[in-house]
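final.csv follows (CSV, C-alpha atoms):
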```csv
chain,number,residue,atom,x,y,z
A,13,MET,CA,87.2,110.3,123.3
A,14,ASN,CA,83.8,108.9,122.8
A,15,LEU,CA,82.7,107.0,119.7
A,16,ALA,CA,80.5,109.8,118.5
A,17,GLU,CA,83.5,112.2,118.5
A,18,LEU,CA,85.7,109.6,116.8
A,19,THR,CA,83.1,108.9,114.1
A,20,LYS,CA,82.9,112.7,113.4
A,21,LEU,CA,86.7,112.9,113.3
A,22,LEU,CA,87.0,110.0,110.8
A,23,LYS,CA,84.0,111.3,108.8
A,24,ALA,CA,82.8,107.7,109.2
A,25,GLU,CA,79.5,106.1,108.2
A,26,VAL,CA,77.8,104.1,111.0
A,27,TYR,CA,76.3,100.8,110.0
A,28,CYS,CA,75.1,99.7,113.4
A,29,GLY,CA,75.6,100.4,117.1
A,30,GLU,CA,74.2,103.9,117.1
A,31,GLU,CA,73.1,103.4,120.7
A,32,LYS,CA,76.7,103.0,121.7
A,33,MET,CA,77.9,106.3,120.5
A,34,ASP,CA,78.8,107.6,124.0
A,35,SER,CA,81.2,104.7,124.6
A,36,GLN,CA,84.6,105.9,125.8
A,37,ILE,CA,87.5,104.7,123.7
A,38,SER,CA,91.0,104.7,125.0
A,39,PHE,CA,93.0,102.3,122.9
A,40,VAL,CA,93.3,101.3,119.3
A,41,CYS,CA,94.4,98.0,117.8
A,42,ALA,CA,95.0,98.2,114.1
A,43,GLY,CA,95.8,95.5,111.6
A,44,ASP,CA,94.7,92.8,109.2
A,45,LEU,CA,95.8,89.7,111.1
A,46,MET,CA,93.3,88.1,113.5
A,47,SER,CA,96.1,87.0,115.7
A,48,ASP,CA,97.4,90.5,116.1
A,49,PHE,CA,94.0,91.4,117.6
A,50,LEU,CA,93.9,88.3,119.8
A,51,VAL,CA,97.2,88.9,121.4
A,52,HIS,CA,96.2,92.4,122.5
A,53,ALA,CA,93.1,92.2,124.6
A,54,GLU,CA,92.1,95.4,126.3
A,55,PRO,CA,88.7,96.7,127.0
A,56,ASN,CA,87.6,100.2,125.8
A,57,SER,CA,89.5,99.4,122.6
A,58,MET,CA,88.7,100.0,119.0
A,59,PHE,CA,89.7,97.8,116.0
A,60,VAL,CA,90.9,99.5,112.9
A,61,THR,CA,91.1,97.0,110.0
A,62,GLY,CA,90.8,96.4,106.3
A,63,LEU,CA,89.6,92.8,106.9
A,64,VAL,CA,86.0,92.4,106.0
A,65,ASN,CA,84.6,89.1,107.2
A,66,VAL,CA,82.3,87.9,109.9
A,67,GLN,CA,85.2,86.6,112.0
A,68,VAL,CA,86.3,90.1,112.6
A,69,VAL,CA,83.0,90.7,114.5
A,70,ARG,CA,83.5,87.4,116.4
A,71,THR,CA,87.0,88.4,117.4
A,72,ALA,CA,85.7,91.8,118.5
A,73,GLU,CA,83.1,90.0,120.6
A,74,MET,CA,85.6,87.7,122.2
A,75,LEU,CA,87.8,90.7,123.3
A,76,ASP,CA,85.0,93.0,124.4
A,77,ILE,CA,86.0,95.5,121.7
A,78,ALA,CA,84.0,98.7,121.8
A,79,ALA,CA,83.8,99.3,118.0
A,80,VAL,CA,85.3,98.2,114.7
A,81,VAL,CA,86.4,100.8,112.1
A,82,PHE,CA,86.8,99.6,108.5
A,83,ILE,CA,89.2,101.6,106.4
A,84,ARG,CA,89.3,102.7,102.7
A,85,GLY,CA,85.5,102.7,102.5
A,86,LYS,CA,85.1,99.0,103.0
A,87,LYS,CA,81.6,98.1,103.9
A,88,PRO,CA,80.6,95.3,106.3
A,89,THR,CA,78.4,92.6,104.8
A,90,ASP,CA,74.8,92.1,105.9
A,91,GLU,CA,76.0,88.9,107.8
A,92,MET,CA,78.5,91.0,109.7
A,93,ILE,CA,76.0,93.7,110.5
A,94,ASN,CA,73.5,91.1,111.8
A,95,LEU,CA,76.0,89.6,114.1
A,96,ALA,CA,77.3,92.9,115.3
A,97,VAL,CA,73.7,94.1,116.1
A,98,LYS,CA,73.2,90.9,118.1
A,99,LYS,CA,76.4,91.4,120.0
A,100,GLY,CA,76.1,95.1,120.4
A,101,ILE,CA,79.3,96.1,118.5
A,102,PRO,CA,79.2,99.3,116.5
A,103,LEU,CA,80.6,98.9,112.9
A,104,ILE,CA,81.7,102.1,111.2
A,105,THR,CA,83.6,102.8,107.9
A,106,THR,CA,86.0,105.6,107.0
A,107,THR,CA,87.3,106.4,103.6
A,108,ALA,CA,90.7,107.1,105.1
A,109,THR,CA,93.6,104.7,104.5
A,110,MET,CA,94.9,102.6,107.4
A,111,TYR,CA,97.9,105.0,107.8
A,112,LEU,CA,95.8,108.2,107.8
A,113,CYS,CA,93.1,106.7,110.1
A,114,CYS,CA,95.7,105.6,112.6
A,115,GLY,CA,97.4,108.9,112.4
A,116,MET,CA,94.2,110.9,113.1
A,117,LEU,CA,93.3,108.6,116.0
A,118,TYR,CA,96.8,108.9,117.5
A,119,GLU,CA,96.8,112.7,117.2
A,120,ALA,CA,93.4,112.7,118.9
A,121,GLY,CA,95.1,111.1,121.9
A,122,LEU,CA,94.2,107.5,121.5
A,123,LYS,CA,96.9,105.1,122.7
A,124,ASN,CA,98.3,101.8,121.5
A,125,VAL,CA,96.9,98.8,123.3
A,126,PRO,CA,99.3,97.9,126.2
A,127,LEU,CA,101.7,95.2,125.3
A,128,PRO,CA,101.2,91.7,126.8
A,129,SER,CA,104.2,92.1,129.1
A,130,VAL,CA,102.5,95.1,130.7
A,131,GLN,CA,99.2,93.3,130.9
A,132,ALA,CA,100.9,90.5,132.8
A,133,THR,CA,101.8,92.8,135.7
A,134,LEU,CA,98.3,94.3,135.9
B,19,MET,CA,79.4,85.0,142.4
B,20,VAL,CA,76.7,82.3,142.2
B,21,LYS,CA,77.6,79.2,144.1
B,22,LEU,CA,77.6,76.4,141.6
B,23,LYS,CA,78.3,72.8,140.9
B,24,ASP,CA,79.9,71.7,137.7
B,25,ILE,CA,78.5,73.1,134.5
B,26,THR,CA,79.5,71.2,131.3
B,27,LEU,CA,79.0,72.4,127.8
B,28,GLU,CA,79.6,70.4,124.7
B,29,HIS,CA,80.0,72.0,121.3
B,30,HIS,CA,80.5,70.1,118.0
B,31,ILE,CA,82.6,72.0,115.5
B,32,LYS,CA,82.5,71.6,111.8
B,33,GLY,CA,85.6,72.0,109.7
B,34,MET,CA,85.8,74.8,107.2
B,35,ASP,CA,82.4,76.3,108.5
B,36,PHE,CA,83.3,80.0,108.8
B,37,ILE,CA,79.8,81.1,109.2
B,38,THR,CA,79.1,79.5,112.5
B,39,ALA,CA,82.7,79.5,113.6
B,40,GLY,CA,83.0,81.4,116.9
B,41,GLU,CA,79.5,80.5,118.1
B,42,ALA,CA,80.8,77.9,120.5
B,43,SER,CA,83.3,80.4,122.1
B,44,SER,CA,80.6,83.0,122.2
B,45,ASN,CA,78.3,80.6,124.1
B,46,ILE,CA,81.1,79.7,126.5
B,47,LYS,CA,81.8,83.4,127.1
B,48,HIS,CA,78.1,84.2,127.6
B,49,THR,CA,77.7,81.3,130.1
B,50,LEU,CA,80.6,82.7,132.2
B,51,GLN,CA,79.1,86.1,132.1
B,52,LEU,CA,75.8,84.7,133.4
B,53,ILE,CA,77.6,82.9,136.2
B,54,GLY,CA,79.4,86.0,137.2
B,55,TYR,CA,83.0,85.2,136.5
B,56,PRO,CA,85.4,88.2,136.6
B,57,PRO,CA,85.7,89.9,133.2
B,58,ALA,CA,89.5,89.5,133.0
B,59,ILE,CA,89.2,85.7,133.4
B,60,ILE,CA,86.3,85.6,130.9
B,61,ARG,CA,88.5,87.4,128.4
B,62,ARG,CA,91.3,84.8,128.8
B,63,VAL,CA,88.8,81.9,128.4
B,64,ALA,CA,87.2,83.6,125.4
B,65,ILE,CA,90.6,84.0,123.6
B,66,ALA,CA,91.6,80.4,124.4
B,67,ALA,CA,88.2,79.0,123.4
B,68,TYR,CA,88.1,81.1,120.2
B,69,GLU,CA,91.6,80.2,119.1
B,70,THR,CA,90.8,76.5,119.9
B,71,GLU,CA,87.6,76.7,117.9
B,72,MET,CA,89.3,78.3,114.9
B,73,ASN,CA,92.0,75.7,115.0
B,74,LEU,CA,89.4,73.0,114.7
B,75,VAL,CA,87.6,74.8,111.9
B,76,ILE,CA,90.8,75.5,110.0
B,77,HIS,CA,92.8,72.3,110.5
B,78,ALA,CA,90.6,69.5,111.7
B,79,ASN,CA,87.8,67.9,109.8
B,80,SER,CA,85.5,68.2,112.8
B,81,GLY,CA,85.9,68.3,116.5
B,82,VAL,CA,84.3,68.5,119.9
B,83,ILE,CA,84.9,71.2,122.6
B,84,LYS,CA,84.0,70.1,126.1
B,85,THR,CA,84.0,72.8,128.7
B,86,SER,CA,83.7,72.2,132.4
B,87,ILE,CA,83.0,75.2,134.7
B,88,ASN,CA,83.0,75.3,138.4
B,89,ALA,CA,83.7,77.9,141.1
B,90,ASP,CA,87.5,77.2,141.0
B,91,LYS,CA,88.3,76.8,137.3
B,92,ILE,CA,87.3,76.4,133.7
B,93,GLU,CA,88.6,73.4,131.8
B,94,ILE,CA,88.4,73.2,128.0
B,95,ILE,CA,89.1,69.9,126.2
B,96,ALA,CA,89.1,70.0,122.4
B,97,GLU,CA,89.3,66.7,120.6
B,98,ASP,CA,89.4,66.0,116.9
B,99,THR,CA,90.1,63.2,114.5
B,100,GLY,CA,91.8,65.5,112.0
B,101,PRO,CA,95.2,65.1,110.4
B,102,GLY,CA,97.1,65.6,113.7
B,103,ILE,CA,100.2,67.7,114.3
B,104,LEU,CA,103.5,66.3,112.8
B,105,ASP,CA,105.8,68.4,115.1
B,106,ILE,CA,104.2,69.8,118.2
B,107,GLU,CA,107.3,71.9,119.1
B,108,LEU,CA,107.2,73.5,115.7
B,109,ALA,CA,103.5,74.1,115.9
B,110,MET,CA,104.0,75.9,119.3
B,111,GLN,CA,106.5,78.3,117.7
B,112,GLU,CA,105.1,81.8,117.1
B,113,GLY,CA,104.6,82.4,113.5
B,114,TYR,CA,104.7,78.8,112.3
B,115,SER,CA,101.5,77.9,110.5
B,116,THR,CA,100.3,75.1,108.2
B,117,ALA,CA,97.3,77.1,107.1
B,118,PRO,CA,96.6,77.3,103.4
B,119,ASP,CA,96.4,80.5,101.4
B,120,ASN,CA,92.7,80.8,101.4
B,121,ILE,CA,92.8,80.8,105.2
B,122,ARG,CA,95.5,83.5,105.3
B,123,GLU,CA,93.3,85.7,103.1
B,124,MET,CA,90.7,85.7,105.8
B,125,GLY,CA,93.2,87.1,108.3
B,126,PHE,CA,94.0,83.7,110.0
B,127,GLY,CA,97.0,81.5,109.7
B,128,ALA,CA,99.6,83.8,111.3
B,129,GLY,CA,100.8,80.9,113.5
B,130,MET,CA,99.9,82.5,116.8
B,131,GLY,CA,96.9,80.3,117.8
B,132,LEU,CA,98.6,77.7,120.0
B,133,PRO,CA,101.0,80.2,121.6
B,134,ASN,CA,98.1,82.5,122.3
B,135,ILE,CA,96.2,79.7,124.0
B,136,ARG,CA,99.2,78.7,126.1
B,137,ASN,CA,99.6,82.3,127.2
B,138,CYS,CA,96.0,82.5,128.4
B,139,ALA,CA,96.1,79.2,130.2
B,140,ASP,CA,97.2,78.2,133.7
B,141,GLU,CA,97.5,74.6,132.5
B,142,PHE,CA,98.1,73.5,128.9
B,143,THR,CA,98.5,70.1,127.4
B,144,LEU,CA,98.6,69.2,123.7
B,145,ASP,CA,98.7,65.6,122.5
B,146,SER,CA,98.6,64.6,118.9
B,147,VAL,CA,99.2,61.6,116.7
B,148,TYR,CA,100.0,62.5,113.1
B,149,GLY,CA,97.3,61.1,110.9
B,150,ASP,CA,95.0,60.3,113.8
B,151,GLY,CA,93.9,63.4,115.6
B,152,THR,CA,94.7,65.9,118.4
B,153,THR,CA,93.6,66.6,121.9
B,154,LEU,CA,94.1,69.9,123.6
B,155,ARG,CA,93.4,70.5,127.3
B,156,VAL,CA,93.4,74.0,128.8
B,157,VAL,CA,92.7,75.0,132.3
B,158,ILE,CA,92.1,78.6,133.5
B,159,LEU,CA,91.9,79.1,137.3
B,160,ASN,CA,89.6,81.4,139.1
B,161,GLN,CA,92.2,83.4,141.0
```

Write-out of the structure in structure tokens:
Amino acid sequence: MNLAELTKLLKAEVYCGEEKMDSQISFVCAGDLMSDFLVHAEPNSMFVTGLVNVQVVRTAEMLDIAAVVFIRGKKPTDEMINLAVKKGIPLITTTATMYLCCGMLYEAGLKNVPLPSVQATL
Amino acid sequence: MVKLKDITLEHHIKGMDFITAGEASSNIKHTLQLIGYPPAIIRRVAIAAYETEMNLVIHANSGVIKTSINADKIEIIAEDTGPGILDIELAMQEGYSTAPDNIREMGFGAGMGLPNIRNCADEFTLDSVYGDGTTLRVVILNQ
């Protein structure tokens, strides 16, 4: 699915990255621990998180993450938006909970990021 | 890929500075993109560099990251004069962390940093003297 379709599905508000709405997203990585993100590096992925700090954007940048979704209506700070604009990473917010957001994305056909052992064979 | 001689980058990292934390790694990543390194290798370097940089920010008072890039490999050497690591074997265990609560609230401190770096690297050396400082050397080969 592309980001525009996902944004509509999640009834999400877009804070930046409107120009990237036709990005294709295949995988989702959800969580609140930076390390959980850093272990699973896969392009065309989206973060789903309740963590709101500038390092989330940095982590997304390091891993070439296609977009970051914040759950439960959490809004990114101005600092985060400025950095995300600089790095070309869309930031969007859904009012859904983590569970519901993940459920909707999974039902829409988005897969879990491949596990490291699989990546090692690629 | 552009034919190149050694490129060296030096980044000074300030402890507990969570605003600029990540800029060094971003700079290293961007340099590799400009050179034309393959994306999969850039990602491994980015993860190793970022975890290294965050370790310096979180645990060391300050440190220096020296990155050497040539056509064959990328070498990252991170040196600090922070508190050092008491038990390196323990520090390398997944899930073991000495990070305080305020760091964990930011989403860090899960104890995966050093294991993540090692998993990204082709060569990994960690030396530390408790009370004196730590040196980490990571090499990622272009292959």

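Relative to CA of Thr153 in chain B, CA of Ile95 in chain B is found at 7.0 Å.
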
Checklist line | Distance-based interface of chain B with chain A, 10 Å, counting all atoms listed in the file, as a ChimeraX atom specification | finding: /B:36-41,43-44,47-48,57-58,60-69,72,113,122-131,133-135,137-138

May I have the residues within 7 Å of Phe82 in chain A as a compact mmCIF listing (two decimals) with C-alpha atoms, keeping the file's coordinate frame, using only C-alpha atoms and disregarding those fewer than 3 positions away in the same chain?
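Below is the file that was written, around-v5.txt:
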```txt
# COMPACT_ATOMS: atom_id res chain seq x y z
CA VAL A 60 90.90 99.50 112.90
CA THR A 61 91.10 97.00 110.00
CA GLY A 62 90.80 96.40 106.30
CA GLY A 85 85.50 102.70 102.50
CA LYS A 86 85.10 99.00 103.00
CA ILE A 104 81.70 102.10 111.20
CA THR A 105 83.60 102.80 107.90
CA THR A 106 86.00 105.60 107.00
```

Notebook entry, point to check: What separation in Å, quoted to one decimal, exists between CA of Leu52 in chain B and CA of Glu71 in chain B?
Noted result: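 CA of Glu71 in chain B lies 21.1 Å from CA of Leu52 in chain B.
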
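Across B:Leu144, B:Ile31, B:Asn88, B:Lys23, the tightest approach to Leu50 in chain B is made by B:Asn88 when counting all atoms listed in the file.
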
Check: For Gln51 in chain B, which of B:Met34, B:Ile87, B:Ala96, B:Ile121 is the closest residue, counting all atoms listed in the file?
Finding: B:Ile87

Notebook entry, point to check: Separation of CA of Ile53 in chain B and CA of Gly100 in chain A, in Å?
Noted result: 20.0 Å

Note to self: If we count all atoms listed in the file and set the cut-off at 7 Å, which residues sit around Ala78 in chain A, ignoring sequence neighbours fewer than 6 positions away in its own chain? Please answer as a list in words.
What the structure shows: Asn56, Ser57, Met58 and Ile101 of chain A

Next item on the list: Rank A:Lys87, A:Phe49, A:Met13, A:Met33 by their smallest atom-to-atom distance to Lys123 in chain A, using only C-alpha atoms, and report the top residue only.
Entry: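 With only C-alpha atoms as the atom set, the closest residue is A:Met13.
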
Notebook entry, point to check: Counting all atoms listed in the file, which of B:Leu132, B:Ile25, B:Leu159, B:Ala89 gets nearest to Glu107 in chain B?
Noted result: B:Leu132
